[in-house]
Amino acid sequence: MSCHDNLDLPLLSLGSDYKVEHYMLRLTCDIEQRYFSGDVYVFIKQVGSGSTLILDLKDLHIGAVEEVNANEEEVSTLLDSFDKRKSNELFMYWTSKKERQTLDPNFGSWCVKVENLQKKKAVLCFSYRTKPEGSLVNNRSLFPYQDAPTLMATWQLLLQVPDGFGAATTGDDRGFSTGMGIYFYTSMLLPLSTFALAIGKWKREEIPFHLELRTPDDRIIECRHPHYPCPFAQSDFGGPKIPCQVFYSNSCDPSLFKDYIPSSIEAIFHILGRHVVPKLDFVIMPSSVTCLGFASPGLILISPSILYGHSPMLARLGHEISHSWFGINIGPKNWNEEWISEGFATFMEDVVDLKMSKFSRQTELMELKAINRYQILKSDCQNVDLFLQSVSSLNSETNVVINGLHRDKTVSQIPYLKGYFFLVQLVKIVGLDPLLVALKCYIEHFHGCLITTTECVDFFCHQFQQKEEIRHQAQIWLYSSSLPEWKTEFSTINILDAQVTQHLEYWKRPRGSPPLFPFSQAMPDQVLALLDRLLELESKLIPAKSVRRLIDHYEPHLINADTYHRACELIVAQQCTRLLPMVREFLLQHPAMGAYLYGELVHTNRSRFQVVARETYLQLESKLDTNFKTIIRDLIF
């Protein structure tokens, strides 16, 4: 149920009588003026009884709209061949065609409509320019396209960038220079919301793999998806190794990436099976970009906050890499069910990190991570309206993303964590290793498909005998709008959790020297758990002096950005004025993680805290993206 119709994200192209099968983009990037200009050619096929094409967009300036003179057989020749869809020569042929007919489109705030089309197959060209203030609603402010999960297509791109700049995209390869720009393409059939493009001045390095030879997987696995060149339709001889690069600026050190990524990819490969993208490139973004990680087909954007500290949040890389399988290769048929992508990737984040670890208490550490995640879920549910807490839809087909424009939905982790806990409960029911075997079967069964929550749950019920228990957990975590109770029922004493409790009791009434966490591998998660439990205390039991002493003892601001963030939460909650410079520094260093802290600073109703929120925001404002600026402005002004 929507809280307000104006906060639903419309998917108007689902009402189109024509489906776009292929896009050709010619774009020029103006870095100084912060806009793209160019054309998008759409190759369309009639799928309804009417004569209207609908494309979704937002904040675009559309100039001319033309129909390119071409007979239907010529259009069919291109669309019937995936090899032709990636041909640079055919790209130049189509985008150079001169004979065109000017069309008279109708514009709405969320779409453009072209009516009275006469042919069953046609090519239309939209000349347009983006706006610097364009909103981050998928790619609607980048080019007009059909923005719905079921409306998948291929694309080609010719990109012009200023001298000295490079580009990385979600294409099948790294692109090549032509006399007119850099040319990219993909033959993967995907929603165009998965298209991503990064432009910058950077260095780039290959990420080497040092892996032993393995026996090829010569199985041909049945495909249930629309036809495209599929990695499951041929033998896999590559194994875990995949072309991999990291793009970074002079201020970043990629050495952590180069060590961690091959091992992470190998661990995921051994769990989930063959690669579903032809390459995997990583771009370390500026710190002002307001997300920690963003995965697209073959291109992963990473915040430098992930690399911060002496125990950095490298496990987050496993989350983003896992999206190649969960979210890109298999996605939700209904975008209201994003847990199908995010819940699986969050679960894999912990699994992969533990599989790579040689820590002897792996099961206990995974349990502790789950405890920490439940605290986040609990906090999220306390601060988000009930109607935003359901992660599944009974209607698999809908023409809106319910509350898709709601501010809280854009920052909430509820779909990530409810999906994660559904899988954690499956581990309790069937065991971790049997579930991981089932996940590989899940990938092979659904690869290339869009699915629903019902199909996902039915799959696991088919795999395991405990059908009633699995359906019960799905009802609790996936279909319920409330926060489920989750009890930590350890099979044996969890030493790591017990140590956190010991430390908590000390800080309630500190006497003598504070205790130490003995296991370096678990220490970041234990410090995180301790800070969470201190924040949970109903009364303000900890004086400011003790908070300063606690921070001096554990140094959470030096461990990683996550523990740093939690320390800042404690500083604000306990209103430790003398430690406000640490909060200010966090907001400046890690803006991608600052939304919650801005709100907490304002809600203290203390002027010095509110000044920190306003001053740091104003210092960062010119660098932040439009959506994030709107969220923070609403919180603090």
# chains A, B, ... in the order shown; residues from 1 in each chain; ligands from 1
>>> residues_around(residues="Thr454 (chain A)", least_positions_apart="3", cutoff="12 Å", atoms="only C-alpha atoms", output="short mmCIF file (atom, residue, chain, number, x, y, z; two decimals) with N, CA and C atoms, in the first residue's frame")
data_model
loop_
_atom_site.label_atom_id
_atom_site.label_comp_id
_atom_site.auth_asym_id
_atom_site.auth_seq_id
_atom_site.Cartn_x
_atom_site.Cartn_y
_atom_site.Cartn_z
N PRO A 332 14.75 -9.20 -9.55
CA PRO A 332 13.32 -9.24 -9.22
C PRO A 332 12.45 -8.83 -10.40
N LYS A 333 11.40 -9.58 -10.61
CA LYS A 333 10.44 -9.23 -11.66
C LYS A 333 9.70 -7.95 -11.30
N ASN A 334 9.58 -7.71 -10.01
CA ASN A 334 8.90 -6.53 -9.48
C ASN A 334 9.90 -5.78 -8.61
N GLU A 337 10.38 -5.81 -4.87
CA GLU A 337 10.97 -6.98 -4.20
C GLU A 337 12.49 -6.98 -4.34
N ILE A 340 15.36 -9.64 -3.29
CA ILE A 340 15.84 -10.75 -4.12
C ILE A 340 17.26 -10.48 -4.60
N SER A 392 8.09 -7.65 0.07
CA SER A 392 7.54 -8.49 -0.99
C SER A 392 6.19 -7.97 -1.42
N SER A 393 5.81 -8.34 -2.61
CA SER A 393 4.55 -7.90 -3.18
C SER A 393 3.74 -9.11 -3.62
N LEU A 394 2.45 -9.08 -3.36
CA LEU A 394 1.59 -10.17 -3.81
C LEU A 394 1.30 -10.06 -5.30
N ASN A 395 1.52 -8.87 -5.86
CA ASN A 395 1.27 -8.63 -7.28
C ASN A 395 2.61 -8.56 -8.00
N SER A 396 2.88 -9.55 -8.84
CA SER A 396 4.19 -9.60 -9.51
C SER A 396 4.30 -8.58 -10.62
N LEU A 450 14.09 -13.04 -14.49
CA LEU A 450 13.50 -12.20 -13.46
C LEU A 450 12.51 -13.07 -12.68
N ILE A 451 12.55 -12.99 -11.36
CA ILE A 451 11.73 -13.89 -10.56
C ILE A 451 10.98 -13.12 -9.48
N VAL A 457 10.93 -18.70 -2.93
CA VAL A 457 10.59 -19.54 -1.78
C VAL A 457 10.22 -20.95 -2.24
N ASP A 458 9.46 -21.04 -3.33
CA ASP A 458 9.09 -22.37 -3.86
C ASP A 458 10.33 -23.18 -4.23
N PHE A 459 11.36 -22.50 -4.75
CA PHE A 459 12.59 -23.21 -5.13
C PHE A 459 13.21 -23.88 -3.91
N PHE A 460 13.35 -23.14 -2.82
CA PHE A 460 13.98 -23.71 -1.62
C PHE A 460 13.10 -24.79 -0.99
N CYS A 461 11.79 -24.64 -1.10
CA CYS A 461 10.89 -25.69 -0.62
C CYS A 461 11.05 -26.97 -1.43
N ILE A 470 10.37 -23.50 6.10
CA ILE A 470 10.85 -22.49 5.14
C ILE A 470 9.75 -21.49 4.83
N ARG A 471 8.53 -21.98 4.60
CA ARG A 471 7.42 -21.07 4.31
C ARG A 471 7.09 -20.20 5.52
N ALA A 474 9.61 -17.44 5.54
CA ALA A 474 9.30 -16.48 4.47
C ALA A 474 8.16 -15.56 4.90
N GLN A 475 7.15 -16.13 5.55
CA GLN A 475 6.03 -15.31 6.02
C GLN A 475 6.50 -14.28 7.03
N LEU A 478 9.70 -12.01 4.95
CA LEU A 478 9.50 -11.45 3.61
C LEU A 478 8.12 -10.85 3.40
N TYR A 479 7.11 -11.44 4.00
CA TYR A 479 5.75 -10.97 3.74
C TYR A 479 5.19 -10.08 4.85
#
>>> select_by_dssp(residues="region 386-615 of chain A", states="strand (DSSP E)", output="PyMOL selection string")
chain A and resi 400-401+450-451
>>> residues_around(residues="Leu136 (chain A)", least_positions_apart="3", cutoff="9 Å", atoms="only C-alpha atoms", output="PyMOL selection string")
chain A and resi 139-141+625-627
>>> closest_residue(among="A:Thr178, A:Val602, A:Ile542, A:Arg129", to="Glu505 (chain A)", atoms="only C-alpha atoms")
A:Ile542
>>> residues_around(residues="Phe628 (chain A)", least_positions_apart="6", cutoff="10 Å", atoms="only C-alpha atoms", output="list in words")
Ser135, Leu136, Val289, Thr290, Cys291, Arg407, Thr410, Val411, Pro591, Ala592, Gly594, Ala595, Glu621 and Asp634 of chain A
>>> closest_residue(among="A:Leu189, A:Leu90, A:Ser81, A:Val42", to="Pro144 (chain A)", atoms="only C-alpha atoms")
A:Val42
>>> atom_distance(atom1="CA of Ala168 (chain A)", atom2="CA of Tyr93 (chain A)")
24.3 Å
>>> residues_around(residues="Asn6 (chain A)", least_positions_apart="6", cutoff="10 Å", atoms="only C-alpha atoms", output="list in words")
Ile402, Asn403, Gly404, Leu405 and His406 of chain A
>>> closest_residue(among="A:Asp497, A:Glu21, A:Glu133, A:Asp433", to="Leu192 (chain A)", atoms="only C-alpha atoms")
A:Glu21
>>> closest_residue(among="A:Ile271, A:Leu483, A:Ile182, A:Leu256", to="Pro304 (chain A)", atoms="only C-alpha atoms")
A:Leu256
>>> closest_residue(among="A:Gln382, A:Thr194, A:Gln146, A:Gln375", to="His323 (chain A)", atoms="only C-alpha atoms")
A:Thr194
>>> atom_distance(atom1="CA of Met285 (chain A)", atom2="CA of Gly200 (chain A)")
9.2 Å
>>> select_by_dssp(residues="region 136-277 of chain A", states="helix (DSSP H, G or I)", output="list in words")
Leu192, Ser193, Thr194, Pro231, Phe232, Ala233, Ser255, Leu256, Phe257, Lys258, Asp259, Tyr260, Ile261, Pro262, Ser263, Ser264, Ile265, Glu266, Ala267, Ile268, Phe269, His270, Ile271 and Leu272 of chain A
>>> closest_residue(among="A:Glu536, A:Pro556, A:Asn494, A:Asn138", to="Trp335 (chain A)", atoms="only C-alpha atoms")
A:Asn138
>>> residues_around(residues="Gln589 (chain A)", least_positions_apart="6", cutoff="10 Å", atoms="only C-alpha atoms", output="CSV table (one decimal) with all heavy atoms, in the first residue's frame")
chain,number,residue,atom,x,y,z
A,287,SER,N,35.3,10.6,-2.7
A,287,SER,CA,34.6,10.3,-1.4
A,287,SER,C,33.3,11.0,-1.3
A,287,SER,O,32.4,10.7,-0.5
A,287,SER,CB,35.5,10.8,-0.2
A,287,SER,OG,35.8,12.2,-0.3
A,288,SER,N,33.1,12.1,-2.2
A,288,SER,CA,31.8,12.8,-2.1
A,288,SER,C,30.7,12.1,-2.8
A,288,SER,O,29.5,12.5,-2.6
A,288,SER,CB,32.0,14.2,-2.8
A,288,SER,OG,32.4,14.0,-4.2
A,304,PRO,N,35.9,5.2,-1.4
A,304,PRO,CA,37.2,5.0,-0.7
A,304,PRO,C,36.9,4.8,0.8
A,304,PRO,O,37.9,4.3,1.5
A,304,PRO,CB,37.9,6.4,-0.9
A,304,PRO,CG,36.8,7.3,-1.4
A,304,PRO,CD,35.8,6.5,-2.0
A,305,SER,N,35.7,5.0,1.3
A,305,SER,CA,35.4,4.7,2.7
A,305,SER,C,35.6,3.2,3.0
A,305,SER,O,35.9,2.9,4.2
A,305,SER,CB,34.0,5.2,3.1
A,305,SER,OG,33.9,6.6,3.0
A,308,TYR,N,39.1,2.5,4.2
A,308,TYR,CA,39.6,3.3,5.3
A,308,TYR,C,39.9,2.4,6.6
A,308,TYR,O,39.2,1.5,6.9
A,308,TYR,CB,38.5,4.4,5.7
A,308,TYR,CG,38.9,5.1,7.0
A,308,TYR,CD1,39.8,6.2,7.0
A,308,TYR,CD2,38.3,4.7,8.2
A,308,TYR,CE1,40.1,6.9,8.1
A,308,TYR,CE2,38.6,5.4,9.4
A,308,TYR,CZ,39.5,6.5,9.3
A,308,TYR,OH,39.8,7.2,10.5
A,561,ALA,N,35.5,2.6,8.6
A,561,ALA,CA,34.5,3.6,8.6
A,561,ALA,C,33.2,3.2,9.3
A,561,ALA,O,32.5,4.1,9.8
A,561,ALA,CB,34.2,4.0,7.1
A,583,VAL,N,33.2,14.0,15.0
A,583,VAL,CA,32.0,13.9,14.2
A,583,VAL,C,32.1,14.7,12.9
A,583,VAL,O,31.8,14.3,11.8
A,583,VAL,CB,30.7,14.3,15.0
A,583,VAL,CG1,29.5,14.1,14.1
A,583,VAL,CG2,30.6,13.4,16.2
